[in-house]
Structures are given as structure tokens and as C-alpha cells.
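**Q** This is the structure I want to talk about, given as C-alpha cells.
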Amino acid sequence: MAAVKSSGRAAVNRLAVVGVIIATLIFLAPIYWIASTAFKPRALATTVPPTVLFQPEITSFIKLFVKRVQMNKAVDPATYAAAPWWEQRIMDNGERVLRTGDNVQLSGYPSRFMNSLIIAITSTVLAVGMGTFTAYGFSRFRVKGEADLLFFILSTRMLPPIVVAIPMFLMYRAVGLTDTHIGLIILYIAFNLSFSVWLMKGFMDEIPKEYEEAALVDGYTRMQAFFKIVLPEAATGIAATAVFCFITAWNEYAFALIMTNRRAQTAPPFIPSQLGSGLPDWTVIAAGTFLFLLPVAIFTFALRGHLLRGVTFGAIRK
Amino acid sequence: MAEIVLSNVQKFFGTVQVIRDLNLTIADREFVVLLGPSGCGKTTTLRAIAGLEDITSGEIRIDGKPVQDLEASERDIAFVFQLYALYPHLTVFENIAFPLRAAGGARADVEREVNAVARALDIGHFLGKRPSALSGGDMQRVAIGRALVRRPKAILMDEPIGALDAKLREDMRTELKRLHIENKATSVYVTHDQVEAMSLADRIVVMSEGVLQQVGTPIEVYQNPANLFVAQFIGSPVMNISDAKLETEGGQAKVRLGNASEAFGVPVTLPRAIEASGRGDGGLSLGIRPEGVIVAHQPGEGLVPLEAHVIEPLGAYDIVDLKVGSGVLRARTVSGFVGKPGDTVFARLDENQTHFFDTRSGQSLGVRLGA
């Protein structure tokens, strides 16, 4: 009887594993597509049917990082021989690297990538930090009109952000915030703050107030109790909130496209702009996209332990 | 160690008054138990002493110094929570060391103090573990260790063993008593369990609806309850309380319980004593604990025949419900004394154990017969 039951359960388990594998493959397919295209020779990038077996190369990544122009005549063999290996890869494609003096001119990608990092990290840190403090206040103190205030905070998410894009642009232009890092950072904090407050409030409510009270009677001030007791207890919530805020800020496209064009432009609006001139080089776009995916993947992977605990939060006996 | 004095303490939550004009002095090194049903204000009182709750008015003094406006961290008081409140991200050692670190103790001192407390509580073997790896009893030992380690002026405990199972609760009760004997720390202990209160307390403070009902040693509150509330709250099984009418005929005094057909004999001095007390205008209630109802198999002088109803065998003794009019009188008998429901037994009231109360005000008349 028991054996029948357990073998039945094992069958269900095997089915579940198969299901998970299929789902994972479906979710990973686009990522595989991007990654494989990034390493393909340009000629194989757009073949029909798609090429599956090929000799991987990193030419597209070299192209991604340097500024280059189409050559109108074949390359001089002496110049080719003198060039470093990576420049030869570009010359193979009938292009040459632009230089100022002896320095290679970089493409727009590295600076856009840096902009993305600066803006996403700064806005995430601030949004999560402010959200944590606000949530703590709402969770622990009697706030007059608490329900109304929380609803007001939530209501900032009820409008599709793009609806306010034009007025925001006009305001930003008037105060000189267009194409600035600080401008996008403020914008992304505004997007994420309500989310951060609500998520963190849920986590804060789960932390028994006796922990702080114990610290208070043990001789700590409320501020010390917050940093020594509440923050470590809220780590799971902070990690989960940070991942979500980071992804939102990192992937944001519409406002970045409208508000920035050069100095503070982030990667999302930049990558497709490379489609524009001449024949699109899909391998370069794929390389740019592939690199763009990495920070979120690394960040999420680094915090995965906290995220898993975040999902099961409340089920743990305190 | 310190004396704690509460003077005219009042506390409102919004418009609800949870502590009414509370005056209480807890002596240095005393173990005081605040006892009452849930919602009686005992926990709020404890939290007010600790500084976790502001009071609306009144004064709290610790060692003569008013503390009601001080933060909890400035009162030098330890608090043991019902659900332990051990910091989950710290080891047992760090949990106990936490209060010492606030005071900025040197590393070697901290280690020595923690180890000393760990030895006293026999928790030395899991100092390196996280609280989540411990059983409920061990967690509470650690929480008590955290309270003791700093040698605070007083230790406040809010139902510290209420979440444990019955067997463990008994062990911990003994252990708390031992710790208090060894440490002599001024202790205030909140519970709704009268057995805990009786066994632990030097003095019991009975509270109900934010009002202090009686303060006294366990024996005092048991033997001389100040009012009907205390009479019924303390003691298990509960004291019998019944409306009573005094009757005098032919130089004999009798007390009739409720609408019973038979009356119990009482000393002839009783009517005079009740009159002398100047109370009892609100009607008379008689209270008697089950052990004060004396039953016999044979009729005799002063014995009233009563029909047994429900019999609860409790091992060491039985509790028998005797029908008195439309009410019942619960008697404590030796095991198996009454054979079966419906049997007739003969009972009298032990005059030394009768209590009289004013029905309307609930106050004791302070009339004791015999002794």
C-alpha cells in the first residue's frame, strides 16, 4: 500500500521535474538566441533556418566597443599585418577603427552601460533606503491618516507612467534636468518608491516589535535598535525589494528615450539606435544586449538565497 | 536592585482607560506577581514600568528616581517577553551578550559574564547555536539569561512561561523560583495563571479591568480575598459563591443559600458581626471554597441532606456538585466518597472558611467566624 503510494508520488515528482525542465527551456530560449547570435559570425546571424553549429567568435564584442567606419577600398596588407589581432577582425569585415592620434575611439556603448549602472544602482539604493525607513515608520508608529497616506503612495502607480511623459519632459527641460543622471535617478526613485514602501511595509509588519523592544530595554536607542536588529531582520525584504527596483530601473526604456540623448543616456535606448544606419549588424546588437543582461542576472544570482527566503517569509517560525 | 513605586498611574488607549489610579510599591528584592484575566491591565502596567508604554498621568519611581519620562534604554530594567524575542540573526552567545555590548563592556568581561550566566542556567552547551535551533524552554532560558546578565535594577517578566507546555512550565517555574532565590533581583511577573502566581510570588497583585483589587501574600489573597472578584479568581476549583439570607429562630442562626429549602447552621454571633461591619446593605453573598464544605455519609447534628449531582474525580480528590435549591455547592471529598450521582450526602459549612461579601459592591465584609 505504502509502496504503491510512494511510487505514485515519485511518478508525480518526475512529471513535475519534466514540466519544470520544459518551462525552463522555454524561458531560456530567447536568452540562448541572443547569446548565440552575439558569438556568431555576421554572415550566419540571419540565416534561414538559423545556424545552430558554428565557430564562436568575439568579433561582435570588439565591434560593440570601438568606433569604426566602412572602408571604401581593400585594406593595405602591410597595415593589416601591423594591426593587433582585434583590429584585424574588424578589418576582415571591411571596416576600420577610428582613432584620435594613437588612441582608439570608443563607441557609445561603454559610456551608456556605465550610465545605466550609475543610474540604476543609485536610484535602487535610494528608493530601497527611503522605502525601508518609510515602511518602518508606518509599521511601528501611529501615523495620523496612515491608510490614506499609504493609499496616496500606492496611487502614484495607478497611472501608466508614459501618460505623464510629455509634462515631465517639459518640466525637466524647464529646470534643466533633461539628459542628466540626476534627472533619471529622481524619475526612477519616483517609480520605485511606492513599490518599495509597500513591499517593505509587508516585511516590517512581519518582524515582531518585541525584538526592538528587547533591544530598547537592553539599553539601545531606537536608532541603534533599528540598525542592529531591524535591518538584519529585514535583509530578506530589502534584497527582494532591491532586485525588483533594480530590474525596473535597469530595463526602463520610454523615459530614458525621451529624457536623455547623449550624456546621461542609458543602454536600453542606445542599443536599438544602433539599428538605424546602413545594414543592421545583428551580431553587435546581440552582443550589446547580451552584456546588458548580465548585471541583473549577477545581482539576482547573488541575492538568490534571500529571494528564496522572501518567497517563504512568514512560514518560518519566529 | 531597586524599589519600584507606582503613584496614581493612569493609562488611556484612546478613550479606553486600561490602568485606573494605580498605587503600588514593590520592595527591593521582592518577587511580585501581577495576576488577572487578559485585558486587566497587568501587561500594560509592566510595559509602563519598563518604559515600553507611556503613562497618561501619575509617577513611576525606581530607586526613588522618577522615570516616567525616561526612555526604556535609560531605566536599567530587563524585560523577558512571552515569545522570547531572541534576535534570530545572532547566536545564543551574542543574544546574551547584547545588553552588555550596549553598555560597551570589554570583550573579556562580556565573555566572562555570559559564561557565568550560561552556567547558572545550564545553557553553556549551545552558546554557539542560533535561537531557531532551540526548544521553547531553552529559548526562554536564553531570554532569562539575557535579562540576568546585565544585573539590572529589576527584571520584568511578561508571561515568560505561558507559551510552554504544561510539564515544561512546571520545571521552569521551579527554576525561576531558584533563580530568584539565588539572584535576589527585584522581579515583577505578569501571569493569568493563579497557580504560577501562588507558587512564585512573595506578594500577589490581583488586577481586574485596570483596577488593583488586592495586594497580599499568596496565603492572604487565598484566605482573605478582598472582594468577590479575587475570591473567584484565586483558587481552583473555584470558590462557591451564593446569595445568602440570614435567619434567626429560637436562639439559632442559619444561613439559607439561594432558594434552598434547607438552611445551614452558623454561629449565633454572625448576625451581630455582619451588622457591626456596617456593610452588606447591597445584599449578602456567601463564599466558601470546596474544601470548606464538609460532607458525611450519615445524618448528624447540623448536617443538611443534599443530593449529589456531577462527580469529577481528580485523582487526589473528587469534586462533587451538591444540589442546593436551583444552584450547586461544590464540595471537595476524598476519592470515591460519593458513589454515584443522585446519592444523598450530609453536608455542613466549615465556619472557619466562610466568607461574606456585599453582593452589590462585591466587597468582603471582613467577617470571619471561628478563628
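In the C-alpha cells, each chain is lettered A, B, ... as it comes, each chain's residues begin at 1, and ligands are numbered from 1 in order of appearance.
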Skipping near chain neighbours, those fewer than 6 positions away, what residues fall within 10 Å of A:Pro272 using only C-alpha atoms, listed as a list of chain:residue names?

**A**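 Non-adjacent residues within range: A:Pro280, A:Ile285, A:Gly288, A:Thr289.
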
**Q** Please report as a PyMOL selection string which residues of chain A come no farther than 7 Å from chain B, using only C-alpha atoms.

**A** chain A and resi 210-211+213-214+216-221

**Q** Go ahead and save the residues from that selection, with N, CA, C and O atoms, as a compact mmCIF listing (two decimals), in the first residue's frame.

**A**
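To be explicit, this is the file written out as part-v4.txt:
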# COMPACT_ATOMS: atom_id res chain seq x y z
N GLU A 210 8.62 43.02 19.40
CA GLU A 210 9.32 42.65 20.63
C GLU A 210 10.84 42.65 20.45
O GLU A 210 11.57 42.89 21.40
N TYR A 211 11.31 42.38 19.22
CA TYR A 211 12.76 42.40 19.00
C TYR A 211 13.33 43.77 19.34
O TYR A 211 14.33 43.89 20.05
N GLU A 213 11.81 46.10 21.10
CA GLU A 213 11.53 46.43 22.50
C GLU A 213 12.58 45.79 23.40
O GLU A 213 13.04 46.40 24.36
N ALA A 214 12.97 44.56 23.06
CA ALA A 214 14.01 43.89 23.84
C ALA A 214 15.30 44.71 23.76
O ALA A 214 15.97 44.93 24.76
N LEU A 216 15.50 47.89 23.17
CA LEU A 216 15.30 49.16 23.88
C LEU A 216 15.55 48.99 25.38
O LEU A 216 16.27 49.78 25.97
N VAL A 217 14.96 47.95 25.97
CA VAL A 217 15.17 47.78 27.41
C VAL A 217 16.60 47.32 27.69
O VAL A 217 17.10 47.52 28.79
N ASP A 218 17.25 46.74 26.70
CA ASP A 218 18.64 46.31 26.91
C ASP A 218 19.62 47.47 26.79
O ASP A 218 20.83 47.27 26.82
N GLY A 219 19.10 48.68 26.62
CA GLY A 219 19.98 49.85 26.67
C GLY A 219 20.33 50.45 25.32
O GLY A 219 21.26 51.25 25.23
N TYR A 220 19.60 50.08 24.28
CA TYR A 220 19.88 50.66 22.97
C TYR A 220 18.85 51.74 22.65
O TYR A 220 17.69 51.64 23.05
N THR A 221 19.29 52.77 21.91
CA THR A 221 18.33 53.77 21.45
C THR A 221 17.55 53.17 20.28
O THR A 221 17.92 52.14 19.73

**Q** When DSSP works through the backbone of this structure, what residues of stretch 166-324 of chain B end up as alpha helix (DSSP H), shown as JSON, numbers by chain?

**A** {"B": [166, 167, 168, 169, 170, 171, 172, 173, 174, 175, 176, 177, 178, 179, 180, 181, 182, 183, 194, 195, 196, 197, 198, 199, 200, 218, 219, 220, 221, 222, 223, 228, 229, 230, 231, 232, 233, 270, 271, 272, 273, 274, 275, 276, 277]}

**Q** From a DSSP calculation on the backbone, collect every residue of stretch 147-327 of chain B in strand (DSSP E) and output the set as an NGL selection string.

**A** :B and (154-158 or 186-191 or 203-208 or 211-216 or 240-249 or 252-257 or 264-266 or 284-288 or 293-296 or 304-313 or 318-324 or 327)

**Q** Which residues come within 7 Å of stretch 179-182 of chain A, counting only C-alpha atoms, excluding same-chain residues fewer than 4 positions away, as a PDB file with C-alpha atoms, in the first residue's frame?

**A**
ATOM      1  CA  ILE A 119      21.528  55.450 -12.572  1.00  0.00           C
ATOM      2  CA  ILE A 186      14.867  61.108  -9.489  1.00  0.00           C
ATOM      3  CA  MET A 259      14.689  62.434 -21.317  1.00  0.00           C
ATOM      4  CA  THR A 260      18.215  61.601 -22.458  1.00  0.00           C
ATOM      5  CA  ASN A 261      20.073  61.546 -25.735  1.00  0.00           C
ATOM      6  CA  ARG A 262      23.796  61.584 -25.095  1.00  0.00           C
ATOM      7  CA  ARG A 263      25.443  62.436 -21.791  1.00  0.00           C
ATOM      8  CA  ALA A 264      23.127  60.518 -19.489  1.00  0.00           C
ATOM      9  CA  GLN A 265      21.656  58.090 -21.993  1.00  0.00           C
TER      10      GLN A 265
END

**Q** Choose the residue, out of A:Trp282, A:Phe299, A:Phe290, A:Phe191, that has the smallest atom-to-atom separation from A:Pro30; count only C-alpha atoms.

**A**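 Closest residue, counting only C-alpha atoms: A:Phe290.
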
**Q** Can you work out which one of A:Thr100, A:Thr134, A:Thr156, A:Thr236 has the shortest atom-to-atom distance to A:Leu307, counting only C-alpha atoms?

**A**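 Between A:Thr100, A:Thr134, A:Thr156, A:Thr236, the residue approaching A:Leu307 most closely is A:Thr236.
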
**Q** Counting only C-alpha atoms, what is within 10 Å of B:Val345, bar same-chain residues fewer than 3 positions away, as a JSON list (two decimals) with all heavy atoms, in the first residue's frame?

**A**
[["chain", "number", "residue", "atom", "x", "y", "z"],
["B", 295, "VAL", "N", -18.60, 16.97, 54.08],
["B", 295, "VAL", "CA", -19.68, 16.04, 53.79],
["B", 295, "VAL", "C", -19.51, 14.75, 54.62],
["B", 295, "VAL", "O", -18.40, 14.38, 54.97],
["B", 295, "VAL", "CB", -19.74, 15.67, 52.29],
["B", 295, "VAL", "CG1", -20.17, 16.87, 51.48],
["B", 295, "VAL", "CG2", -18.41, 15.14, 51.81],
["B", 296, "ALA", "N", -20.66, 14.13, 54.90],
["B", 296, "ALA", "CA", -20.65, 12.88, 55.65],
["B", 296, "ALA", "C", -21.67, 11.94, 55.03],
["B", 296, "ALA", "O", -22.59, 12.37, 54.34],
["B", 296, "ALA", "CB", -20.99, 13.14, 57.12],
["B", 297, "HIS", "N", -21.50, 10.65, 55.28],
["B", 297, "HIS", "CA", -22.46, 9.69, 54.78],
["B", 297, "HIS", "C", -23.71, 9.62, 55.66],
["B", 297, "HIS", "O", -24.79, 9.32, 55.18],
["B", 297, "HIS", "CB", -21.82, 8.29, 54.70],
["B", 297, "HIS", "CG", -20.87, 8.12, 53.55],
["B", 297, "HIS", "ND1", -21.26, 8.31, 52.25],
["B", 297, "HIS", "CD2", -19.56, 7.80, 53.51],
["B", 297, "HIS", "CE1", -20.22, 8.09, 51.46],
["B", 297, "HIS", "NE2", -19.18, 7.80, 52.20],
["B", 298, "GLN", "N", -23.52, 9.84, 56.98],
["B", 298, "GLN", "CA", -24.61, 9.69, 57.93],
["B", 298, "GLN", "C", -25.16, 11.04, 58.35],
["B", 298, "GLN", "O", -24.41, 12.01, 58.43],
["B", 298, "GLN", "CB", -24.09, 8.94, 59.18],
["B", 298, "GLN", "CG", -23.48, 7.59, 58.89],
["B", 298, "GLN", "CD", -24.47, 6.65, 58.22],
["B", 298, "GLN", "OE1", -25.67, 6.67, 58.53],
["B", 298, "GLN", "NE2", -24.01, 5.85, 57.27],
["B", 299, "PRO", "N", -26.49, 11.11, 58.62],
["B", 299, "PRO", "CA", -27.05, 12.36, 59.14],
["B", 299, "PRO", "C", -26.49, 12.64, 60.53],
["B", 299, "PRO", "O", -26.03, 11.73, 61.22],
["B", 299, "PRO", "CB", -28.55, 12.10, 59.19],
["B", 299, "PRO", "CG", -28.70, 10.61, 59.14],
["B", 299, "PRO", "CD", -27.49, 10.06, 58.47],
["B", 303, "LEU", "N", -26.05, 18.80, 60.15],
["B", 303, "LEU", "CA", -25.80, 18.37, 58.76],
["B", 303, "LEU", "C", -27.07, 18.48, 57.94],
["B", 303, "LEU", "O", -28.15, 18.15, 58.39],
["B", 303, "LEU", "CB", -25.29, 16.93, 58.75],
["B", 303, "LEU", "CG", -23.90, 16.70, 59.37],
["B", 303, "LEU", "CD1", -23.55, 15.22, 59.34],
["B", 303, "LEU", "CD2", -22.86, 17.53, 58.62],
["B", 304, "VAL", "N", -26.92, 18.93, 56.73],
["B", 304, "VAL", "CA", -28.05, 19.14, 55.83],
["B", 304, "VAL", "C", -28.00, 18.09, 54.74],
["B", 304, "VAL", "O", -26.94, 17.90, 54.12],
["B", 304, "VAL", "CB", -28.00, 20.55, 55.21],
["B", 304, "VAL", "CG1", -29.09, 20.74, 54.18],
["B", 304, "VAL", "CG2", -28.08, 21.61, 56.30],
["B", 305, "PRO", "N", -29.08, 17.35, 54.49],
["B", 305, "PRO", "CA", -29.05, 16.35, 53.41],
["B", 305, "PRO", "C", -29.09, 17.01, 52.04],
["B", 305, "PRO", "O", -29.90, 17.90, 51.79],
["B", 305, "PRO", "CB", -30.31, 15.52, 53.67],
["B", 305, "PRO", "CG", -31.23, 16.45, 54.39],
["B", 305, "PRO", "CD", -30.39, 17.41, 55.17],
["B", 306, "LEU", "N", -28.19, 16.60, 51.16],
["B", 306, "LEU", "CA", -28.13, 17.18, 49.83],
["B", 306, "LEU", "C", -27.93, 16.06, 48.81],
["B", 306, "LEU", "O", -27.31, 15.04, 49.11],
["B", 306, "LEU", "CB", -26.96, 18.17, 49.70],
["B", 306, "LEU", "CG", -27.04, 19.45, 50.54],
["B", 306, "LEU", "CD1", -25.72, 20.18, 50.49],
["B", 306, "LEU", "CD2", -28.17, 20.34, 50.05],
["B", 307, "GLU", "N", -28.45, 16.29, 47.59],
["B", 307, "GLU", "CA", -28.31, 15.29, 46.55],
["B", 307, "GLU", "C", -27.08, 15.58, 45.71],
["B", 307, "GLU", "O", -26.89, 16.72, 45.26],
["B", 307, "GLU", "CB", -29.57, 15.30, 45.67],
["B", 307, "GLU", "CG", -29.58, 14.19, 44.63],
["B", 307, "GLU", "CD", -30.66, 14.40, 43.59],
["B", 307, "GLU", "OE1", -31.66, 15.11, 43.87],
["B", 307, "GLU", "OE2", -30.48, 13.89, 42.46],
["B", 308, "ALA", "N", -26.24, 14.57, 45.52],
["B", 308, "ALA", "CA", -25.04, 14.74, 44.68],
["B", 308, "ALA", "C", -25.46, 14.76, 43.21],
["B", 308, "ALA", "O", -26.41, 14.08, 42.81],
["B", 308, "ALA", "CB", -24.06, 13.62, 44.93],
["B", 322, "LEU", "N", -23.17, 19.42, 44.69],
["B", 322, "LEU", "CA", -24.33, 19.09, 45.51],
["B", 322, "LEU", "C", -25.44, 20.07, 45.15],
["B", 322, "LEU", "O", -25.20, 21.28, 45.05],
["B", 322, "LEU", "CB", -23.98, 19.21, 47.00],
["B", 322, "LEU", "CG", -22.79, 18.36, 47.45],
["B", 322, "LEU", "CD1", -22.40, 18.74, 48.89],
["B", 322, "LEU", "CD2", -23.12, 16.88, 47.35],
["B", 337, "PHE", "N", -15.70, 9.12, 47.51],
["B", 337, "PHE", "CA", -16.54, 9.30, 48.70],
["B", 337, "PHE", "C", -18.02, 9.16, 48.34],
["B", 337, "PHE", "O", -18.78, 8.50, 49.03],
["B", 337, "PHE", "CB", -16.26, 10.66, 49.34],
["B", 337, "PHE", "CG", -16.96, 10.87, 50.64],
["B", 337, "PHE", "CD1", -16.39, 10.40, 51.82],
["B", 337, "PHE", "CD2", -18.18, 11.54, 50.70],
["B", 337, "PHE", "CE1", -17.03, 10.59, 53.02],
["B", 337, "PHE", "CE2", -18.83, 11.72, 51.91],
["B", 337, "PHE", "CZ", -18.25, 11.25, 53.07],
["B", 338, "VAL", "N", -18.41, 9.79, 47.26],
["B", 338, "VAL", "CA", -19.79, 9.70, 46.80],
["B", 338, "VAL", "C", -19.83, 8.69, 45.67],
["B", 338, "VAL", "O", -19.08, 8.81, 44.70],
["B", 338, "VAL", "CB", -20.31, 11.07, 46.32],
["B", 338, "VAL", "CG1", -21.76, 10.94, 45.85],
["B", 338, "VAL", "CG2", -20.19, 12.08, 47.44],
["B", 342, "GLY", "N", -26.87, 11.34, 42.28],
["B", 342, "GLY", "CA", -28.19, 11.01, 42.81],
["B", 342, "GLY", "C", -28.14, 10.54, 44.26],
["B", 342, "GLY", "O", -29.13, 10.56, 44.96]]

**Q** Please provide the set of residues having any atom within 12 Å of stretch 42-54 of chain A, restricted to only C-alpha atoms, with same-chain residues fewer than 6 positions apart removed, written as a VMD selection string.

**A** chain A and resid 32 to 36 60 to 61 63 89 to 90 92 to 93 279 to 287

**Q** Please provide the set of residues having any atom within 7 Å of B:Asn8, restricted to only C-alpha atoms, with same-chain residues fewer than 4 positions apart removed, written as a list in words.

**A**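 Everything that qualifies: Asp21, Leu22, Asn23, Gly58 and Glu59 of chain B.
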
**Q** Could you save those same residues with N, CA, C and O atoms as a PDB file, in the first residue's frame?

**A**
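again_3.pdb was written with the following content:
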ATOM      1  N   ASP B  21      -5.742  54.735  38.244  1.00  0.00           N
ATOM      2  CA  ASP B  21      -5.255  55.219  39.525  1.00  0.00           C
ATOM      3  C   ASP B  21      -4.537  54.134  40.330  1.00  0.00           C
ATOM      4  O   ASP B  21      -4.944  53.787  41.429  1.00  0.00           O
ATOM      5  N   LEU B  22      -3.474  53.642  39.771  1.00  0.00           N
ATOM      6  CA  LEU B  22      -2.767  52.512  40.382  1.00  0.00           C
ATOM      7  C   LEU B  22      -1.682  52.996  41.335  1.00  0.00           C
ATOM      8  O   LEU B  22      -0.844  53.815  40.978  1.00  0.00           O
ATOM      9  N   ASN B  23      -1.736  52.509  42.566  1.00  0.00           N
ATOM     10  CA  ASN B  23      -0.701  52.791  43.558  1.00  0.00           C
ATOM     11  C   ASN B  23      -0.126  51.465  44.026  1.00  0.00           C
ATOM     12  O   ASN B  23      -0.874  50.582  44.442  1.00  0.00           O
ATOM     13  N   GLY B  58       0.472  60.332  36.377  1.00  0.00           N
ATOM     14  CA  GLY B  58       0.993  59.592  37.519  1.00  0.00           C
ATOM     15  C   GLY B  58       2.508  59.555  37.498  1.00  0.00           C
ATOM     16  O   GLY B  58       3.146  60.211  36.668  1.00  0.00           O
ATOM     17  N   GLU B  59       3.063  58.800  38.432  1.00  0.00           N
ATOM     18  CA  GLU B  59       4.514  58.786  38.582  1.00  0.00           C
ATOM     19  C   GLU B  59       5.007  57.359  38.810  1.00  0.00           C
ATOM     20  O   GLU B  59       4.363  56.577  39.493  1.00  0.00           O
TER      21      GLU B  59
END

**Q** Mind giving me the straight-line distance from atom CA of B:Ala48 to atom CA of B:Val32 in Å, one decimal?

**A**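 Value for the atom CA of B:Ala48-atom CA of B:Val32 distance: 15.5 Å.
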
**Q** What's the separation between atom CA of A:Tyr253 and atom CA of A:Pro269, in Å to one decimal place?

**A**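 Computing it gives 6.0 Å between the two atoms.
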
**Q** What gap, in Å, lies between atom CA of B:Ile234 and atom CA of B:Thr43?

**A**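 Distance between the two atoms: 18.5 Å.
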
**Q** Please list as a PyMOL selection string every residue within 9 Å of stretch 146-154 of chain A, counting only C-alpha atoms and excluding residues in the same chain fewer than 6 positions away.

**A** chain A and resi 138+193-195+197-198
